[in-house]
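Novice: Got a structure for you, questions after.
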Amino acid sequence: MTATEEWEQRQAAFVARLGRATLTDLERGTIVVLPSASFPVEELTKITGIQSYEERMLFNTLFLCNPGTRIVYLTSMPVDDAVVEYYLRFVPDPDDARRRLVLHAVGDPSPVCLTEKLLARPDAIASIRALVEDPDDAYVLPFNVTHGERALAAALQLPLYGGHPDLAELGSKTGSRRVARQAGVAVLEGSEGLRSLGEIEAAVRDIQARRPGAEAVVVKLNHGFSGQGNAIVELTGPVPAFPLESSATTFCAAGESWPAFSAKVAEQGAIVEELVRHEAMVSPSVQLRVAPGGAVEVLSTHDQVLGGPDNQVYLGCRFPADPSYRLAIQDAGLEVAAVLAAEGVLGSFGIDFVVLPGTDEAGGHEIYLSEINLRMGGTTHPFWMARLATGGIYDAGTGELRVADGTRTYVATDNLKSERLAGSTPAEVIEAVDKAGLAFDPLSRTGATLHLLGALPGFGKMGVTCVAETLEDAEALYREVVATIA
């Protein structure tokens with residue numbers, strides 16, 4: 001039996017074993033956390049402090065409250081000791097948890113994704129394999145899955161909690177629209193599977209014919225993320241839309257241009273959609289996960305906080321989503337998740353929607369699928385931190401996080417930035433929040449939790465999740481945190 005055949009057998013056994021178990025069984029044994037944002041380098045460099053985003057999966061350390069859990073956490077560079085100690089404060093026995101936490105850094109600060117760094121280091125792979133005591137009770141937990149993650153899991157001879165990388169296309173912008181139609185969920189006016197500027201221009205003309213009042217369209221690269229692969233083309237005004245190179249275009253990524261963008265369109269494909277400009281439009285999301293065996297769990301719903309050109313860039317979120325459409329988007333998410341699970345998708349993913357007020361007398365909302373992100377994202381860390389720190393349970397019937405004395409809400413961001421924070425150490429910011437009395441309190445199950453702290457010294461950037469009984473209180477807490485440290 002070859003090494004590849006042996007790994008395939010191990011992967012099949014993992015799927016079969018957990019297919020007969022519950023989702024909570026994924027939270028025990030040895031978890032090799034692989035927080036590699038496996039995207040092209042030119043896309044990664046658009047995100048300020050991208051290497052520190054490897055810390056966003058540190059919420060997994062809270063699973064160490066289970067004495068049967070062991071975590072091997074992989075990073076490009078060492079995680080600051082103050083950050084590690086900060087996360088361990090959320091478990092009942094930090095000393096015992098620390099003995100079951102192994103941090104393994106490659107020592108490579110280059111912008112290449114972590115998975116590629118590890119694949120280039122046979123010594124690192126051997127070291128990681130040696131850290132896993134029982135390969136039959138361990139698995140790799142990735143941020144997203146490409147052929148690189150599958151190759152690394154095979155090299156480690158550990159199963160991978162994720163679908164086959166060929167399924168990644170289901171989460172592309174083109175795949176998202178096609179899956180939505182299969183699930184019976186509406187999408188905005190537009191076209192997908194585009195590979196050239198000529199095809200994009202033809203698709204824009206189709207939108208103009210079907211939607212003569214359309215003010216603008218948004219062109220989205222198939223594998224762009226956080227809105228950084230989007231370009232907004234105006235259809236009204238003194239500048240004509242065609243040719244695209246001379247149109248009134250706003251690129252969401254700084255420094256982008258049509259020559260560079262068109263090359264990316266040819267390489268990865270793109271879609272075009274009508275850009276809806278409506279003051280009441282919102283963009284909520286649903287987070288789900290699929291276990292081996294196909295069981296689907298709704299994790300959360302959020303209202304996204306967006307910024308940048310025409311609100312195309314993700315900045316943060318509020319939990320839960322507004323009650324007027326919360327369960328409706330959750331139901332739509334489950335329809336989409338059923339299609340994905342049937343295709344073999346595993347792991348956590350998010351689905352973004354565009355929601356508009358209804359036009360009929362009965363009210364309601366118009367709900368359109370915007371995109372599927374077959375990976376963890378900006379809402380993953382806040383939800384798991386809130387859920388694990390509070391000991392809460394997500395109530396799919398109401399879309400709320402229930403704790404012993406009621407419910408909890410939160411607001412969160414990865415983009416708390418200021419010149420005042422630049423040069424600060426994680427320890428200094430943690431201490432400032434503690435001294436101000438704003439830190440998370442396990443008794444009241446409210447307060448601020450911090451993340452992305454490794455980006456502080458070089459970029460003056462960090463993340464925060466503010467947990468409270470009401471969204472108004474969570475917003476107020478967020479303002480206090482900002483006033484204290486930024």
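Chains: A, B, ... in order of the structure tokens. Residues: from 1 per chain. Ligands: from 1, in order shown.
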Can you list, as number ranges by chain, every protein, DNA or RNA residue that comes within 9 Å of region 153-155 of chain A when you count only C-alpha atoms, leaving out same-chain residues fewer than 5 positions away?
Specialist: A: 3-4, 6-8, 119, 122, 125-126, 129, 139-140, 148, 160
Novice: Mind running region 48-149 of chain A against region 372-385 of chain A at 10 Å and telling me each contacting residue's nearest atom pair with the distance in Å (one decimal), counting only C-alpha atoms, chain and number ascending, as a Markdown table?
Specialist:
```
| residue | atom | partner | partner_atom | distance |
| --- | --- | --- | --- | --- |
| A:Tyr53 | CA | A:Gly378 | CA | 9.8 |
| A:Glu55 | CA | A:His381 | CA | 9.6 |
| A:Arg56 | CA | A:His381 | CA | 6.0 |
| A:Met57 | CA | A:His381 | CA | 6.5 |
| A:Leu58 | CA | A:His381 | CA | 8.0 |
| A:Phe59 | CA | A:Met385 | CA | 5.8 |
| A:Asn60 | CA | A:Trp384 | CA | 8.2 |
| A:Thr61 | CA | A:Met385 | CA | 9.9 |
| A:Leu62 | CA | A:Met385 | CA | 7.9 |
| A:Phe63 | CA | A:Trp384 | CA | 9.9 |
| A:Tyr87 | CA | A:Met385 | CA | 9.6 |
| A:Phe90 | CA | A:Met385 | CA | 9.3 |
| A:Pro142 | CA | A:Arg375 | CA | 8.3 |
| A:Phe143 | CA | A:Met376 | CA | 5.4 |
| A:Asn144 | CA | A:Arg375 | CA | 4.6 |
| A:Val145 | CA | A:Arg375 | CA | 7.4 |
```
Novice: Once you count only C-alpha atoms, what closest atom pair and distance in Å to one decimal does each residue of region 286-361 of chain A within 8 Å of region 164-168 of chain A have, with rows by chain and rising residue number, as a Markdown table?
Specialist:
```
| residue | atom | partner | partner_atom | distance |
| --- | --- | --- | --- | --- |
| A:Glu343 | CA | A:Leu167 | CA | 7.8 |
| A:Gly344 | CA | A:His164 | CA | 7.7 |
| A:Val345 | CA | A:Leu167 | CA | 6.9 |
```
Novice: Give me every helix (DSSP H, G or I) residue in region 279-460 of chain A, going by DSSP on the backbone, as an MDAnalysis selection string.
Specialist: chainID A and resid 309:311 326:343 380:390 426:435 453:459
Novice: To one decimal in Å, tell me the separation between CA of Leu158 (chain A) and CA of Val91 (chain A).
Specialist: 26.8 Å
Novice: With 10 Å as the cut-off and only C-alpha atoms counted, what is the closest atom pair between each nearby residue of region 123-231 of chain A and region 273-281 of chain A? Distances in Å to one decimal, ordered by chain and number, as a Markdown table.
Specialist:
```
| residue | atom | partner | partner_atom | distance |
| --- | --- | --- | --- | --- |
| A:Val187 | CA | A:Glu273 | CA | 8.9 |
| A:Leu188 | CA | A:Glu273 | CA | 6.2 |
| A:Glu189 | CA | A:Glu274 | CA | 5.6 |
| A:Gly190 | CA | A:Glu273 | CA | 4.1 |
| A:Ser191 | CA | A:Glu273 | CA | 6.6 |
| A:Glu192 | CA | A:Glu273 | CA | 8.6 |
| A:Ala203 | CA | A:Glu273 | CA | 8.8 |
| A:Val204 | CA | A:Glu273 | CA | 8.1 |
| A:Ile207 | CA | A:Glu274 | CA | 6.9 |
| A:Gln208 | CA | A:Glu274 | CA | 8.9 |
| A:Arg211 | CA | A:Glu274 | CA | 8.3 |
| A:Ala214 | CA | A:Glu274 | CA | 6.7 |
| A:Glu215 | CA | A:Leu275 | CA | 7.4 |
| A:Ala216 | CA | A:Leu275 | CA | 5.4 |
| A:Val217 | CA | A:Glu274 | CA | 4.4 |
| A:Val218 | CA | A:Glu273 | CA | 5.5 |
| A:Val219 | CA | A:Glu273 | CA | 6.7 |
| A:Lys220 | CA | A:Glu273 | CA | 8.2 |
```
Novice: Near Phe459 (chain A), counting only C-alpha atoms, which residues have an atom at most 8 Å away, once you skip same-chain residues fewer than 2 positions from it, shown as number ranges by chain?
Specialist: A: 48-49, 417, 422-423, 455-457, 461
Novice: Given the selection you just returned, output its residues as a file containing N, CA and C atoms, formatted as a PDB file, in the first residue's frame.
Specialist:
```
ATOM      1  N   THR A  48      -4.004  44.033   5.642  1.00  0.00           N
ATOM      2  CA  THR A  48      -3.025  44.546   6.601  1.00  0.00           C
ATOM      3  C   THR A  48      -2.816  43.561   7.742  1.00  0.00           C
ATOM      4  N   GLY A  49      -1.547  43.203   7.981  1.00  0.00           N
ATOM      5  CA  GLY A  49      -1.220  42.289   9.076  1.00  0.00           C
ATOM      6  C   GLY A  49      -1.694  40.877   8.837  1.00  0.00           C
ATOM      7  N   LYS A 417      -8.165  49.799  14.440  1.00  0.00           N
ATOM      8  CA  LYS A 417      -6.843  50.329  14.090  1.00  0.00           C
ATOM      9  C   LYS A 417      -6.702  51.764  14.567  1.00  0.00           C
ATOM     10  N   ALA A 422      -0.225  51.522  17.362  1.00  0.00           N
ATOM     11  CA  ALA A 422       1.003  51.111  16.685  1.00  0.00           C
ATOM     12  C   ALA A 422       2.163  51.076  17.668  1.00  0.00           C
ATOM     13  N   GLY A 423       2.883  49.984  17.677  1.00  0.00           N
ATOM     14  CA  GLY A 423       4.012  49.824  18.594  1.00  0.00           C
ATOM     15  C   GLY A 423       3.632  49.228  19.928  1.00  0.00           C
ATOM     16  N   ALA A 455      -0.871  41.611  15.529  1.00  0.00           N
ATOM     17  CA  ALA A 455      -0.748  42.684  14.535  1.00  0.00           C
ATOM     18  C   ALA A 455      -0.536  44.048  15.179  1.00  0.00           C
ATOM     19  N   LEU A 456      -0.564  44.108  16.493  1.00  0.00           N
ATOM     20  CA  LEU A 456      -0.436  45.401  17.180  1.00  0.00           C
ATOM     21  C   LEU A 456       0.907  46.093  16.956  1.00  0.00           C
ATOM     22  N   PRO A 457       2.030  45.444  17.249  1.00  0.00           N
ATOM     23  CA  PRO A 457       3.309  46.170  17.182  1.00  0.00           C
ATOM     24  C   PRO A 457       3.594  46.769  15.808  1.00  0.00           C
ATOM     25  N   LYS A 461      -3.103  47.338  14.755  1.00  0.00           N
ATOM     26  CA  LYS A 461      -4.385  46.723  14.395  1.00  0.00           C
ATOM     27  C   LYS A 461      -4.659  45.529  15.298  1.00  0.00           C
TER      28      LYS A 461
END
```
Novice: Given only C-alpha atoms as the basis, pick out the residue of A:Glu267, A:Glu245, A:Asp322, A:Glu234 nearest to Gly193 (chain A).
Specialist: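 Of the candidates, the smallest distance to Gly193 (chain A) is held by A:Glu267.
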Novice: With distances taken over only C-alpha atoms, which residue among A:Asn222, A:Thr45, A:Ser176, A:Thr69 lies nearest Lys264 (chain A)?
Specialist: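 Nearest candidate to Lys264 (chain A) out of A:Asn222, A:Thr45, A:Ser176, A:Thr69: A:Asn222.
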Novice: Would you mind reading off the distance between CA of Arg387 (chain A) and CA of Thr413 (chain A), one decimal, in Å?
Specialist: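 CA of Arg387 (chain A) sits 16.4 Å away from CA of Thr413 (chain A).
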Novice: Identify, with DSSP run on backbone atoms, the residues in region 63-160 of chain A assigned to strand (DSSP E), and express the list as a list of chain:residue names.
Specialist: A:Thr69, A:Arg70, A:Ile71, A:Val72, A:Tyr73, A:Leu74, A:Thr75, A:Leu101, A:Val102, A:Leu103, A:His104, A:Ala105, A:Ala138, A:Tyr139, A:Val140, A:Leu141, A:Pro142
Novice: In terms of the shortest atom-to-atom distance over only C-alpha atoms, which of A:Ala342, A:Ala263, A:Thr75, A:Leu438 is closest to Gly107 (chain A)?
Specialist: A:Thr75
Novice: From the options A:Ala321, A:Leu369, A:Pro292, A:Arg408, which residue's atoms come nearest to Leu18 (chain A), counting only C-alpha atoms?
Specialist: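 Result for the nearest residue to Leu18 (chain A): A:Pro292.
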Novice: Can you list, as an MDAnalysis selection string, every protein, DNA or RNA residue that comes within 10 Å of Gly68 (chain A) when you count only C-alpha atoms, leaving out same-chain residues fewer than 2 positions away?
Specialist: chainID A and resid 27:30 63:66 70 100
Novice: Would you mind listing what lies within 8 Å of region 462-470 of chain A as a PyMOL selection string, with only C-alpha atoms counted and same-chain residues fewer than 3 positions away left out?
Specialist: chain A and resi 382+386+406-417+440+445-456+473-475+477-478
